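Data file: data_25.cif. Format and content: mmCIF, C-alpha atoms.
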data_model
loop_
_atom_site.label_atom_id
_atom_site.label_comp_id
_atom_site.auth_asym_id
_atom_site.auth_seq_id
_atom_site.Cartn_x
_atom_site.Cartn_y
_atom_site.Cartn_z
CA MET A 17 23.98 31.58 6.35
CA VAL A 18 25.51 32.71 3.09
CA GLY A 19 23.81 31.58 -0.11
CA ILE A 20 25.11 28.52 -1.91
CA ASP A 21 26.86 29.16 -5.20
CA VAL A 22 25.89 25.83 -6.71
CA SER A 23 23.07 25.64 -9.22
CA ALA A 24 20.15 23.24 -9.02
CA GLU A 25 21.38 21.75 -12.33
CA THR A 26 24.76 20.91 -10.83
CA ILE A 27 23.14 19.30 -7.83
CA TYR A 28 20.85 17.32 -10.12
CA ALA A 29 23.92 16.11 -12.01
CA TRP A 30 25.48 14.95 -8.74
CA LEU A 31 22.29 13.08 -7.88
CA ALA A 32 22.47 11.35 -11.25
CA ALA A 33 25.38 9.41 -9.75
CA VAL A 34 23.37 8.10 -6.80
CA PRO A 35 22.40 4.48 -7.56
CA ASP A 36 19.08 2.90 -6.70
CA PRO A 37 19.82 0.45 -3.86
CA GLU A 38 17.69 -2.35 -5.35
CA ILE A 39 18.72 -1.92 -8.99
CA PRO A 40 22.18 -0.36 -8.81
CA VAL A 41 22.51 -0.16 -12.59
CA LEU A 42 20.01 2.70 -12.46
CA SER A 43 20.41 6.03 -10.74
CA ILE A 44 17.66 7.76 -8.82
CA THR A 45 17.34 10.33 -11.61
CA ASP A 46 16.98 7.53 -14.18
CA LEU A 47 14.01 6.26 -12.19
CA GLY A 48 12.41 9.68 -12.05
CA ILE A 49 12.45 9.72 -8.26
CA VAL A 50 14.13 13.15 -8.02
CA ARG A 51 11.24 15.55 -8.64
CA GLU A 52 12.85 18.89 -7.89
CA VAL A 53 16.00 20.49 -6.52
CA ILE A 54 15.38 23.80 -4.78
CA VAL A 55 18.30 26.10 -3.88
CA ASN A 56 17.63 29.06 -1.63
CA GLY A 57 19.96 29.43 1.31
CA GLY A 58 19.90 25.68 1.81
CA VAL A 59 19.10 22.86 -0.56
CA THR A 60 15.82 20.96 -0.63
CA VAL A 61 15.54 17.80 -2.70
CA ALA A 62 12.00 16.60 -3.44
CA LEU A 63 11.85 12.81 -3.84
CA ALA A 64 8.87 10.74 -4.92
CA PRO A 65 8.46 7.49 -2.97
CA THR A 66 7.86 4.57 -5.35
CA TYR A 67 5.79 2.05 -3.39
CA SER A 68 4.45 3.02 0.07
CA GLY A 69 6.27 0.20 1.75
CA CYS A 70 9.41 0.24 -0.38
CA PRO A 71 12.31 -0.47 1.99
CA ALA A 72 14.59 1.50 -0.33
CA THR A 73 12.90 4.84 0.38
CA GLU A 74 14.95 5.63 3.46
CA VAL A 75 18.15 4.27 1.97
CA ILE A 76 17.68 6.58 -1.00
CA GLU A 77 17.08 9.57 1.25
CA GLN A 78 20.23 8.79 3.19
CA SER A 79 22.23 8.34 -0.03
CA VAL A 80 21.11 11.77 -1.24
CA LEU A 81 22.15 13.37 2.04
CA ASP A 82 25.50 11.55 1.97
CA LYS A 83 26.18 12.57 -1.62
CA LEU A 84 25.42 16.25 -1.05
CA HIS A 85 27.27 16.36 2.27
CA SER A 86 30.29 14.87 0.51
CA LYS A 87 30.11 17.76 -1.96
CA GLY A 88 30.35 20.19 0.94
CA LEU A 89 26.69 21.14 1.21
CA LYS A 90 25.62 21.24 4.83
CA ASP A 91 22.08 22.53 4.86
CA VAL A 92 20.24 19.79 2.97
CA ALA A 93 16.60 18.85 3.49
CA ILE A 94 14.62 16.03 1.91
CA GLU A 95 10.98 16.50 0.99
CA ARG A 96 8.83 13.42 0.34
CA ARG A 97 6.60 14.45 -2.51
CA LEU A 98 3.59 12.18 -2.86
CA SER A 99 1.81 14.09 -5.58
CA PRO A 100 1.62 13.28 -8.40
CA PRO A 101 2.24 9.64 -7.42
CA TRP A 102 5.33 8.04 -8.92
CA THR A 103 4.76 5.94 -12.01
CA THR A 104 7.01 3.71 -14.06
CA ASP A 105 6.29 6.09 -16.97
CA TRP A 106 8.86 8.42 -15.41
CA ILE A 107 11.68 5.95 -16.03
CA THR A 108 13.79 7.51 -18.78
CA ASP A 109 14.40 5.90 -22.17
CA GLY A 110 18.11 5.56 -21.45
CA ALA A 111 17.28 3.81 -18.22
CA ARG A 112 14.99 1.36 -19.99
CA GLU A 113 17.92 0.34 -22.18
CA LYS A 114 20.17 0.00 -19.12
CA LEU A 115 17.54 -2.19 -17.44
CA ARG A 116 17.36 -4.44 -20.50
CA GLU A 117 21.15 -4.83 -20.62
CA TYR A 118 21.10 -5.65 -16.92
CA GLY A 119 18.66 -8.50 -17.63
CA ILE A 120 15.43 -6.91 -16.41
CA ALA A 121 12.64 -6.34 -18.93
CA PRO A 122 11.63 -2.67 -18.65
CA PRO A 123 8.04 -1.77 -17.78
CA ALA A 124 5.51 -1.33 -20.53
CA ARG A 125 4.51 2.29 -21.16
CA ALA A 126 1.25 3.88 -20.07
CA SER A 127 0.71 2.71 -16.56
CA GLY A 128 -2.66 2.71 -14.93
CA LYS A 129 -5.78 0.69 -15.16
CA ARG A 130 -5.43 -0.54 -18.69
CA ALA A 131 -1.86 -1.72 -18.30
CA LEU A 132 -2.61 -3.19 -14.91
CA LEU A 133 -5.74 -5.03 -15.89
CA GLY A 134 -5.00 -5.43 -19.57
CA GLY A 135 -4.06 -9.06 -19.13
CA ASN A 136 -1.13 -10.81 -20.64
CA ARG A 137 0.71 -8.38 -22.84
CA ALA A 138 3.80 -9.88 -24.45
CA ILE A 139 6.98 -9.08 -22.54
CA ALA A 140 10.18 -9.27 -24.57
CA CYS A 141 13.00 -11.36 -23.17
CA PRO A 142 15.82 -8.96 -22.25
CA ARG A 143 18.41 -11.50 -23.43
CA CYS A 144 17.22 -12.76 -26.81
CA GLY A 145 14.36 -10.35 -27.50
CA SER A 146 11.80 -13.11 -28.04
CA LEU A 147 8.20 -12.24 -27.29
CA GLU A 148 7.48 -15.87 -26.42
CA SER A 149 7.63 -15.37 -22.68
CA THR A 150 5.54 -16.82 -19.88
CA LEU A 151 4.61 -15.26 -16.58
CA VAL A 152 6.00 -17.49 -13.84
CA SER A 153 5.02 -15.37 -10.85
CA GLN A 154 3.29 -12.01 -10.65
CA PHE A 155 5.48 -11.33 -7.62
CA GLY A 156 9.24 -11.46 -7.53
CA SER A 157 12.32 -10.57 -5.54
CA THR A 158 11.08 -7.05 -4.84
CA ALA A 159 7.66 -5.42 -4.87
CA CYS A 160 8.37 -3.85 -8.26
CA LYS A 161 9.29 -6.99 -10.21
CA ALA A 162 7.54 -10.06 -11.63
CA ALA A 163 9.22 -13.32 -12.68
CA TYR A 164 9.08 -14.48 -16.33
CA ARG A 165 10.62 -17.24 -18.41
CA CYS A 166 11.63 -16.99 -22.04
CA GLU A 167 10.26 -19.92 -24.07
CA ASP A 168 12.92 -19.51 -26.78
CA CYS A 169 16.20 -19.14 -24.91
CA LEU A 170 14.66 -20.78 -21.80
CA GLU A 171 16.25 -18.23 -19.48
CA PRO A 172 14.30 -16.88 -16.52
CA PHE A 173 14.15 -13.09 -16.27
CA GLU A 174 12.58 -10.35 -14.25
CA TYR A 175 10.07 -7.84 -15.50
CA PHE A 176 9.81 -4.39 -13.95
CA LYS A 177 6.08 -4.07 -13.27
CA CYS A 178 4.13 -1.17 -14.58
CA ILE A 179 2.42 1.06 -12.03
CA MET B 2 -15.33 6.69 23.11
CA ASN B 3 -16.12 9.59 20.82
CA ARG B 4 -19.46 10.51 22.25
CA ILE B 5 -18.32 14.14 22.19
CA LYS B 6 -19.01 15.90 18.91
CA PRO B 7 -15.67 16.21 17.11
CA ASP B 8 -14.86 19.53 15.48
CA ALA B 9 -13.58 19.48 11.89
CA GLN B 10 -9.92 19.30 12.86
CA LEU B 11 -10.41 16.43 15.29
CA ALA B 12 -12.61 14.58 12.82
CA LEU B 13 -9.88 14.84 10.19
CA ARG B 14 -7.23 13.56 12.58
CA LEU B 15 -9.36 10.63 13.75
CA TYR B 16 -10.37 9.78 10.20
CA VAL B 17 -6.72 9.64 9.12
CA GLN B 18 -5.78 7.70 12.25
CA ARG B 19 -8.47 5.09 11.54
CA LEU B 20 -7.15 4.64 8.01
CA GLY B 21 -3.81 3.99 9.66
CA ASP B 22 -5.34 1.51 12.10
CA ASN B 23 -6.98 -0.50 9.32
CA ALA B 24 -3.79 -0.53 7.27
CA LEU B 25 -1.53 -1.43 10.19
CA ILE B 26 -3.69 -4.26 11.54
CA THR B 27 -4.29 -5.67 8.06
CA GLY B 28 -0.53 -5.62 7.50
CA GLN B 29 0.14 -7.21 10.88
CA ARG B 30 -2.16 -10.15 10.16
CA MET B 31 -0.38 -10.62 6.81
CA ILE B 32 3.01 -10.52 8.49
CA GLU B 33 1.84 -13.36 10.74
CA ARG B 34 1.24 -15.38 7.56
CA VAL B 35 4.77 -14.89 6.21
CA ALA B 36 6.39 -18.25 5.37
CA GLY B 37 3.02 -19.97 5.68
CA GLU B 38 1.51 -19.48 2.23
CA PRO B 39 0.72 -22.52 0.06
CA GLU B 40 2.94 -21.57 -2.89
CA LEU B 41 5.78 -19.22 -3.71
CA GLU B 42 3.88 -16.64 -5.73
CA ALA B 43 1.25 -16.27 -3.00
CA GLU B 44 4.03 -16.08 -0.45
CA LEU B 45 5.75 -13.19 -2.22
CA ALA B 46 2.44 -11.46 -2.86
CA ASN B 47 1.52 -11.67 0.80
CA ALA B 48 4.84 -10.26 1.99
CA ASN B 49 4.78 -7.50 -0.62
CA PHE B 50 1.23 -6.54 0.25
CA ALA B 51 2.04 -6.48 3.96
CA LEU B 52 4.80 -3.99 3.19
CA ASP B 53 2.39 -1.80 1.25
CA TYR B 54 -0.04 -1.72 4.17
CA LEU B 55 2.75 -0.95 6.60
CA GLY B 56 3.98 1.87 4.37
CA GLN B 57 0.48 3.26 4.10
CA ALA B 58 0.01 3.06 7.87
CA ARG B 59 3.18 5.10 8.28
CA MET B 60 1.89 7.82 5.96
CA TYR B 61 -1.44 8.00 7.80
CA TYR B 62 0.08 7.96 11.28
CA SER B 63 2.73 10.55 10.43
CA TYR B 64 0.01 12.83 9.17
CA ALA B 65 -2.26 12.14 12.16
CA ALA B 66 0.66 12.97 14.46
CA GLU B 67 1.22 16.28 12.67
CA LEU B 68 -2.47 17.13 12.84
CA GLU B 69 -2.51 16.34 16.53
CA GLY B 70 0.57 18.46 17.18
CA ALA B 71 1.24 16.86 20.54
CA GLY B 72 4.74 15.62 19.82
CA ARG B 73 3.76 12.01 19.07
CA ASN B 74 5.20 10.26 16.04
CA GLU B 75 4.14 7.35 13.81
CA ASP B 76 5.73 4.80 16.15
CA ASP B 77 3.80 6.17 19.13
CA PHE B 78 0.58 5.60 17.24
CA ALA B 79 1.50 2.04 16.31
CA TYR B 80 3.31 0.86 19.41
CA ALA B 81 2.29 3.01 22.37
CA ARG B 82 -1.48 2.94 22.21
CA ASN B 83 -3.76 0.50 24.00
CA ASP B 84 -6.48 -1.63 22.45
CA ARG B 85 -9.31 0.81 23.13
CA GLU B 86 -7.45 3.54 21.26
CA PHE B 87 -7.34 1.53 18.00
CA GLN B 88 -10.40 2.03 15.83
CA ASN B 89 -9.95 -0.47 13.01
CA PHE B 90 -12.70 -2.63 11.56
CA LEU B 91 -13.22 -5.87 13.45
CA LEU B 92 -12.86 -7.81 10.20
CA VAL B 93 -9.19 -6.98 9.78
CA GLU B 94 -8.21 -8.13 13.27
CA GLN B 95 -9.81 -11.59 12.98
CA PRO B 96 -7.27 -14.39 13.38
CA ASN B 97 -5.74 -15.94 10.30
CA GLY B 98 -7.32 -19.19 9.24
CA HIS B 99 -6.52 -21.06 6.04
CA PHE B 100 -5.52 -19.53 2.70
CA GLY B 101 -9.14 -19.24 1.54
CA ASP B 102 -10.00 -17.30 4.69
CA ALA B 103 -7.23 -14.82 3.92
CA VAL B 104 -8.44 -14.43 0.34
CA VAL B 105 -12.06 -13.84 1.34
CA ARG B 106 -11.17 -11.38 4.09
CA GLN B 107 -8.89 -9.46 1.75
CA VAL B 108 -11.47 -9.32 -1.02
CA LEU B 109 -14.11 -7.98 1.37
CA PHE B 110 -11.82 -5.36 2.91
CA ASP B 111 -9.86 -4.26 -0.16
CA SER B 112 -13.00 -3.88 -2.25
CA PHE B 113 -14.26 -1.42 0.36
CA TYR B 114 -10.89 0.25 0.97
CA LEU B 115 -10.35 0.91 -2.74
CA LEU B 116 -13.75 2.61 -3.01
CA GLN B 117 -12.93 4.63 0.09
CA LEU B 118 -9.57 5.72 -1.36
CA GLU B 119 -11.09 6.62 -4.71
CA ALA B 120 -13.68 8.77 -2.90
CA LEU B 121 -10.89 10.40 -0.89
CA LEU B 122 -9.27 11.63 -4.11
CA GLU B 123 -12.09 14.18 -4.11
CA CYS B 124 -11.76 15.23 -0.48
CA SER B 125 -10.76 18.81 0.22
CA ASP B 126 -7.79 17.95 2.41
CA GLN B 127 -4.94 17.97 -0.09
CA ARG B 128 -2.49 15.87 1.88
CA LEU B 129 -4.99 13.09 2.49
CA ALA B 130 -6.01 13.15 -1.18
CA GLU B 131 -2.33 12.74 -2.12
CA ILE B 132 -1.85 9.78 0.21
CA ALA B 133 -5.05 8.23 -1.15
CA ALA B 134 -3.79 8.56 -4.73
CA ARG B 135 -0.58 6.76 -3.80
CA ALA B 136 -2.39 4.04 -1.83
CA ALA B 137 -5.15 3.49 -4.41
CA LYS B 138 -2.58 2.39 -7.00
CA GLU B 139 -1.40 -0.33 -4.66
CA ILE B 140 -4.77 -1.49 -3.41
CA ARG B 141 -6.09 -1.75 -6.98
CA TYR B 142 -3.29 -4.21 -7.63
CA HIS B 143 -3.94 -6.13 -4.41
CA LEU B 144 -7.63 -6.41 -5.18
CA GLN B 145 -6.92 -7.67 -8.67
CA HIS B 146 -4.71 -10.39 -7.20
CA VAL B 147 -7.06 -11.59 -4.45
CA SER B 148 -10.09 -11.43 -6.75
CA LYS B 149 -8.35 -13.79 -9.16
CA TRP B 150 -7.69 -16.16 -6.29
CA LEU B 151 -11.29 -16.01 -5.13
CA ILE B 152 -12.42 -16.94 -8.64
CA ARG B 153 -9.90 -19.79 -8.79
CA LEU B 154 -11.01 -21.17 -5.42
CA GLY B 155 -14.75 -20.59 -5.86
CA ASP B 156 -14.80 -21.94 -9.39
CA GLY B 157 -12.22 -24.64 -8.58
CA THR B 158 -12.98 -27.96 -6.97
CA SER B 159 -16.00 -28.78 -4.84
CA GLU B 160 -13.64 -28.82 -1.85
CA SER B 161 -12.21 -25.34 -2.53
CA ASN B 162 -15.67 -24.00 -3.28
CA ALA B 163 -17.05 -25.40 -0.02
CA ARG B 164 -14.19 -23.96 1.99
CA VAL B 165 -14.35 -20.41 0.63
CA SER B 166 -18.15 -20.50 0.90
CA GLU B 167 -17.62 -21.23 4.57
CA SER B 168 -15.11 -18.36 4.85
CA LEU B 169 -17.56 -16.03 3.17
CA ALA B 170 -20.34 -17.04 5.55
CA ARG B 171 -18.03 -16.45 8.51
CA TYR B 172 -16.77 -13.01 7.48
CA TRP B 173 -19.91 -11.61 5.88
CA ARG B 174 -21.32 -10.33 9.17
CA PHE B 175 -18.28 -8.07 9.60
CA ALA B 176 -18.74 -6.21 6.32
CA GLY B 177 -21.70 -4.10 7.41
CA GLU B 178 -19.37 -2.22 9.74
CA PHE B 179 -17.63 -0.58 6.78
CA PHE B 180 -20.73 1.48 6.11
CA ALA B 181 -21.97 2.17 9.65
CA GLY B 182 -20.45 5.62 10.01
CA ASP B 183 -20.33 7.60 13.22
CA GLU B 184 -19.80 11.26 14.23
CA VAL B 185 -16.28 11.25 12.83
CA ASP B 186 -17.42 10.07 9.39
CA ASP B 187 -20.31 12.54 9.39
CA LYS B 188 -18.16 15.48 10.38
CA PHE B 189 -15.38 14.51 8.00
CA ARG B 190 -17.84 14.24 5.17
CA ALA B 191 -19.43 17.61 5.94
CA ALA B 192 -16.20 19.52 6.49
CA PHE B 193 -13.89 17.91 3.93
CA ASN B 194 -16.17 16.44 1.29
CA GLY B 195 -15.51 12.96 2.64
CA PRO B 196 -16.99 9.73 1.24
CA ASP B 197 -20.74 9.17 1.17
CA LEU B 198 -20.89 5.79 2.90
CA SER B 199 -24.37 4.90 1.70
CA ALA B 200 -23.30 5.46 -1.91
CA LEU B 201 -20.18 3.36 -1.33
CA ALA B 202 -22.36 0.59 0.11
CA VAL B 203 -24.39 0.36 -3.10
CA THR B 204 -21.28 0.25 -5.33
CA TRP B 205 -19.55 -2.23 -3.03
CA GLN B 206 -22.53 -4.59 -3.02
CA SER B 207 -22.83 -4.58 -6.78
CA ASN B 208 -19.07 -5.12 -7.24
CA ILE B 209 -19.11 -8.02 -4.78
CA ASP B 210 -22.23 -9.54 -6.36
CA ALA B 211 -20.53 -9.47 -9.76
CA LEU B 212 -17.32 -11.02 -8.45
CA LEU B 213 -19.11 -13.76 -6.50
CA ALA B 214 -21.15 -14.62 -9.59
CA VAL B 215 -17.95 -15.19 -11.59
CA ALA B 216 -16.51 -17.18 -8.69
CA THR B 217 -19.71 -19.30 -8.63
CA LEU B 218 -20.27 -18.40 -5.01
CA THR B 219 -23.61 -17.52 -3.45
CA VAL B 220 -24.02 -14.05 -1.99
CA PRO B 221 -24.78 -14.59 1.71
CA ALA B 222 -28.18 -13.48 2.98
CA ASP B 223 -28.49 -10.17 4.84
CA ILE B 224 -27.24 -10.38 8.38
CA GLU B 225 -29.78 -9.84 11.11
CA HIS B 226 -27.20 -8.86 13.71
CA PRO B 227 -24.15 -7.40 12.00
CA VAL B 228 -21.00 -7.06 14.06
CA SER B 229 -19.68 -3.62 14.91
CA GLY B 230 -17.61 -1.82 17.53
CA GLY B 231 -14.34 -1.05 15.76
CA ARG B 232 -14.99 2.69 15.44
CA ALA B 233 -15.63 2.84 19.20
CA GLY B 234 -12.48 0.87 20.03
CA LEU B 235 -14.53 -2.14 21.14
CA HIS B 236 -12.60 -5.10 19.80
CA SER B 237 -12.97 -8.84 19.56
CA GLU B 238 -11.03 -10.94 22.06
CA HIS B 239 -8.35 -11.65 19.45
CA PHE B 240 -7.11 -8.10 19.34
CA GLY B 241 -5.21 -8.12 22.64
CA PHE B 242 -3.08 -11.04 21.48
CA LEU B 243 -2.29 -9.28 18.22
CA LEU B 244 -1.21 -6.12 20.05
CA ALA B 245 0.80 -8.08 22.60
CA GLU B 246 2.92 -9.55 19.85
CA MET B 247 3.10 -6.43 17.71
CA GLN B 248 4.04 -4.13 20.59
CA HIS B 249 6.20 -6.57 22.52
CA LEU B 250 9.55 -5.09 21.62
CA THR B 251 8.71 -1.45 22.23
CA ARG B 252 6.87 -2.29 25.44
CA SER B 253 9.76 -4.36 26.79
CA TYR B 254 12.52 -2.04 25.64
CA PRO B 255 11.09 1.46 25.49
CA GLY B 256 13.08 3.71 23.17
CA ALA B 257 15.09 0.80 21.74
CA THR B 258 16.95 1.66 18.54
CA TRP B 259 19.09 -0.38 16.17
#
Translate the structure of the given file into structure tokens.
Amino acid sequence: MVGIDVSAETIYAWLAAVPDPEIPVLSITDLGIVREVIVNGGVTVALAPTYSGCPATEVIEQSVLDKLHSKGLKDVAIERRLSPPWTTDWITDGAREKLREYGIAPPARASGKRALLGGNRAIACPRCGSLESTLVSQFGSTACKAAYRCEDCLEPFEYFKCI
Amino acid sequence: MNRIKPDAQLALRLYVQRLGDNALITGQRMIERVAGEPELEAELANANFALDYLGQARMYYSYAAELEGAGRNEDDFAYARNDREFQNFLLVEQPNGHFGDAVVRQVLFDSFYLLQLEALLECSDQRLAEIAARAAKEIRYHLQHVSKWLIRLGDGTSESNARVSESLARYWRFAGEFFAGDEVDDKFRAAFNGPDLSALAVTWQSNIDALLAVATLTVPADIEHPVSGGRAGLHSEHFGFLLAEMQHLTRSYPGATW
């Protein structure tokens, strides 16, 4: 087949419009899931799965295929790239702000053992900004979120866990 | 079953397949608990963890299927094999009891599985090392959660302490199986720089001793007749019932899609 005259940058920009199915305010590029776009003859998009059992993984793959097919690209392959493993550190700064506006406290920086085991670090309420928040449940509506309550404005909110 | 000496390639495939078996059966027992946990946070944790195990099983089985190269896929490994072909630890297939049972079983298994995964980061098979890196992040989190519960129950009331002590006594005899390697483990270790099970046993014991001390629980005495058989596909009587339920749909409606 004839080479594609679309650059990897253009394709990446298209993918920036593909929303995450669980948190639609963020795109898959915001989350750092799109690791690489390779153009040679066909297009290969390397995606990093977030959690092993995340039900969104396949939805995201299908959304990428749908988006690129709708742009007229036919030969599109998805590569699941496990290494290095996805971390919340890859969520962009802009996306952190979007998360906060959406009502979800963004993950603390520097994932890994310290953040995971570091105990009760103060999580700022995404509504009023107060640091007086209490962990209600380590587990929430999806694998990636925990439930908190703000002690100042008394609103419940979700916190995007750090992994 | 594997009395024949496996070559390196077969050892790798079986090693990966066993990781899948442990993850799948652990996940299946957790799925049976869904909607039965004592409080909402534990309920969500259980369901989330079950998903992690299921996702990990898929990664292992997909890879095992590729290594085998016989046209099977992940679903064939999960749903079209018979009991003797599964080689999970007997601990993970034991029936669900009360919440304390689940906590104790998960602490015993996850504390081994995490050490196994961390050792696999150093193995020479790149794909397996990558899966292990992904899985280790999740299991570290699971272990942290169940360890906290074990401490709460052990160091809780006399009733909760008595009940988890009982769970510990019941499951302790299954733990020795983690470290009783066979030809597959030996070959995998030699050919791919796999885990040294005797070194893992020492670390595991000291980690468990430390946790039980905080939980004010007594470390059970050494078991005279430890239980084993999982690596040979010799299961406890509970396993057939688990498979019957898990495989019901694909057995009744082969090739069903939705």
Determine, using only C-alpha atoms, which residues of chain A have any atom at most 9 Å from an atom of chain B, and tabulate each with its shortest atom pair and distance in Å to one decimal place, rows ordered by chain and then rising number, as a Markdown table.
| residue | atom | partner | partner_atom | distance |
| --- | --- | --- | --- | --- |
| A:Thr66 | CA | B:Arg135 | CA | 8.9 |
| A:Tyr67 | CA | B:Asp53 | CA | 6.9 |
| A:Ser68 | CA | B:Gly56 | CA | 4.5 |
| A:Gly69 | CA | B:Gly56 | CA | 3.9 |
| A:Cys70 | CA | B:Leu52 | CA | 7.2 |
| A:Pro71 | CA | B:Leu52 | CA | 8.4 |
| A:Leu98 | CA | B:Glu131 | CA | 6.0 |
| A:Ser99 | CA | B:Glu131 | CA | 5.6 |
| A:Pro100 | CA | B:Glu131 | CA | 7.4 |
| A:Pro101 | CA | B:Arg135 | CA | 5.4 |
| A:Trp102 | CA | B:Arg135 | CA | 7.9 |
| A:Gly128 | CA | B:Lys138 | CA | 7.9 |
| A:Lys129 | CA | B:Arg141 | CA | 8.5 |
| A:Leu132 | CA | B:Tyr142 | CA | 7.4 |
| A:Leu133 | CA | B:Gln145 | CA | 7.8 |
| A:Val152 | CA | B:Glu42 | CA | 8.4 |
| A:Ser153 | CA | B:Glu42 | CA | 5.4 |
| A:Gln154 | CA | B:Glu42 | CA | 6.8 |
| A:Phe155 | CA | B:Ala46 | CA | 5.6 |
| A:Gly156 | CA | B:Leu45 | CA | 6.6 |
| A:Ser157 | CA | B:Leu45 | CA | 7.8 |
| A:Thr158 | CA | B:Asn49 | CA | 7.6 |
| A:Ala159 | CA | B:Asn49 | CA | 5.5 |
| A:Ile179 | CA | B:Lys138 | CA | 7.2 |
Could you state which residues are captured by the PyMOL selection byres ((chain A and resi 140) around 12) in this file, as a PDB file with C-alpha atoms, keeping the file's coordinate frame?
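Wrote expr19.pdb, looks like this:
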ATOM      1  CA  ARG A 116      17.360  -4.440 -20.500  1.00  0.00           C
ATOM      2  CA  GLY A 119      18.660  -8.500 -17.630  1.00  0.00           C
ATOM      3  CA  ILE A 120      15.430  -6.910 -16.410  1.00  0.00           C
ATOM      4  CA  ALA A 121      12.640  -6.340 -18.930  1.00  0.00           C
ATOM      5  CA  PRO A 122      11.630  -2.670 -18.650  1.00  0.00           C
ATOM      6  CA  PRO A 123       8.040  -1.770 -17.780  1.00  0.00           C
ATOM      7  CA  ALA A 124       5.510  -1.330 -20.530  1.00  0.00           C
ATOM      8  CA  ARG A 137       0.710  -8.380 -22.840  1.00  0.00           C
ATOM      9  CA  ALA A 138       3.800  -9.880 -24.450  1.00  0.00           C
ATOM     10  CA  ILE A 139       6.980  -9.080 -22.540  1.00  0.00           C
ATOM     11  CA  CYS A 141      13.000 -11.360 -23.170  1.00  0.00           C
ATOM     12  CA  PRO A 142      15.820  -8.960 -22.250  1.00  0.00           C
ATOM     13  CA  ARG A 143      18.410 -11.500 -23.430  1.00  0.00           C
ATOM     14  CA  CYS A 144      17.220 -12.760 -26.810  1.00  0.00           C
ATOM     15  CA  GLY A 145      14.360 -10.350 -27.500  1.00  0.00           C
ATOM     16  CA  SER A 146      11.800 -13.110 -28.040  1.00  0.00           C
ATOM     17  CA  LEU A 147       8.200 -12.240 -27.290  1.00  0.00           C
ATOM     18  CA  GLU A 148       7.480 -15.870 -26.420  1.00  0.00           C
ATOM     19  CA  SER A 149       7.630 -15.370 -22.680  1.00  0.00           C
ATOM     20  CA  THR A 150       5.540 -16.820 -19.880  1.00  0.00           C
ATOM     21  CA  LEU A 151       4.610 -15.260 -16.580  1.00  0.00           C
ATOM     22  CA  TYR A 164       9.080 -14.480 -16.330  1.00  0.00           C
ATOM     23  CA  ARG A 165      10.620 -17.240 -18.410  1.00  0.00           C
ATOM     24  CA  CYS A 166      11.630 -16.990 -22.040  1.00  0.00           C
ATOM     25  CA  GLU A 167      10.260 -19.920 -24.070  1.00  0.00           C
ATOM     26  CA  ASP A 168      12.920 -19.510 -26.780  1.00  0.00           C
ATOM     27  CA  CYS A 169      16.200 -19.140 -24.910  1.00  0.00           C
ATOM     28  CA  GLU A 171      16.250 -18.230 -19.480  1.00  0.00           C
ATOM     29  CA  PRO A 172      14.300 -16.880 -16.520  1.00  0.00           C
ATOM     30  CA  PHE A 173      14.150 -13.090 -16.270  1.00  0.00           C
ATOM     31  CA  GLU A 174      12.580 -10.350 -14.250  1.00  0.00           C
ATOM     32  CA  TYR A 175      10.070  -7.840 -15.500  1.00  0.00           C
ATOM     33  CA  PHE A 176       9.810  -4.390 -13.950  1.00  0.00           C
TER      34      PHE A 176
END
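The interatomic distance for the pair CA of Gly234 (chain B) and CA of Thr251 (chain B) works out to 21.4 Å.
Closest to Thr204 (chain B) among B:Leu116, B:Ala79, B:Ala36, B:Leu92 is B:Leu116, based on all atoms listed in the file.
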Using CA of Tyr28 (chain A) and CA of Ile49 (chain A) as the two end points, give the distance in Å to one decimal.
11.5 Å
Identify which of the residues B:Arg73, B:Arg82, B:Arg171, B:Arg19 lies closest to Arg106 (chain B), counting all atoms listed in the file when measuring atom-to-atom distances.
B:Arg171
Shell of 6 Å around Ala216 (chain B), only C-alpha atoms, local chain residues under 6 positions omitted, as a PyMOL selection string:
chain B and resi 152+155-156
Can you list, as a ChimeraX atom specification, the residues that the PyMOL selection byres ((chain A and resi 23) around 10) selects here?
/A:20-22,24-29,53-56,59
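Separating CA of Asn97 (chain B) from CA of Glu33 (chain B) is a distance of 8.0 Å.
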Explicit residues for the PyMOL selection byres ((chain B and resi 181-196) around 9) (as a PyMOL selection string):
chain B and resi 3-13+15-16+116-121+123-126+177-180+197-201+229+232-233
For His85 (chain A): contacts at 12 Å, only C-alpha atoms, fewer than 6 positions along chain excluded, given as a PyMOL selection string:
chain A and resi 27+30-31+58-59+78-79+91-93
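Shortest atom-to-atom contact with Asp82 (chain A) among A:Cys178, A:Ala62, A:Ala33, A:Leu170: A:Ala33, counting all atoms listed in the file.
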Where is the centre and how long are the edges: axis-aligned box on region 112-131 of chain B, 6 Å on each side, Å to one decimal, as lines of an AutoDock Vina configuration file:
center_x = -8.3
center_y = 7.5
center_z = -1.1
size_x = 23.9
size_y = 34.7
size_z = 19.2
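Using all atoms listed in the file for every distance, the candidate list B:Thr258, B:Phe175, B:His249, B:Ala103 yields B:Phe175 as the residue closest to Asp223 (chain B).
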With all atoms listed in the file as the basis for distance, which of A:Leu89, A:Leu115, A:Ile107, A:Cys160 is at the shortest distance from Leu47 (chain A)?
A:Ile107
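Among the candidates B:Gln29, B:Ser159, B:Asn23, B:Ser63, the residue lying nearest to Phe110 (chain B) is B:Asn23 (atoms considered: only C-alpha atoms).
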Tell me, as a PyMOL selection string, which residues lie within 9 Å of Asp22 (chain B), counting all atoms listed in the file; anything in the same chain fewer than 5 positions away does not count.
chain B and resi 17+27+58+61-62+78-79+87-90
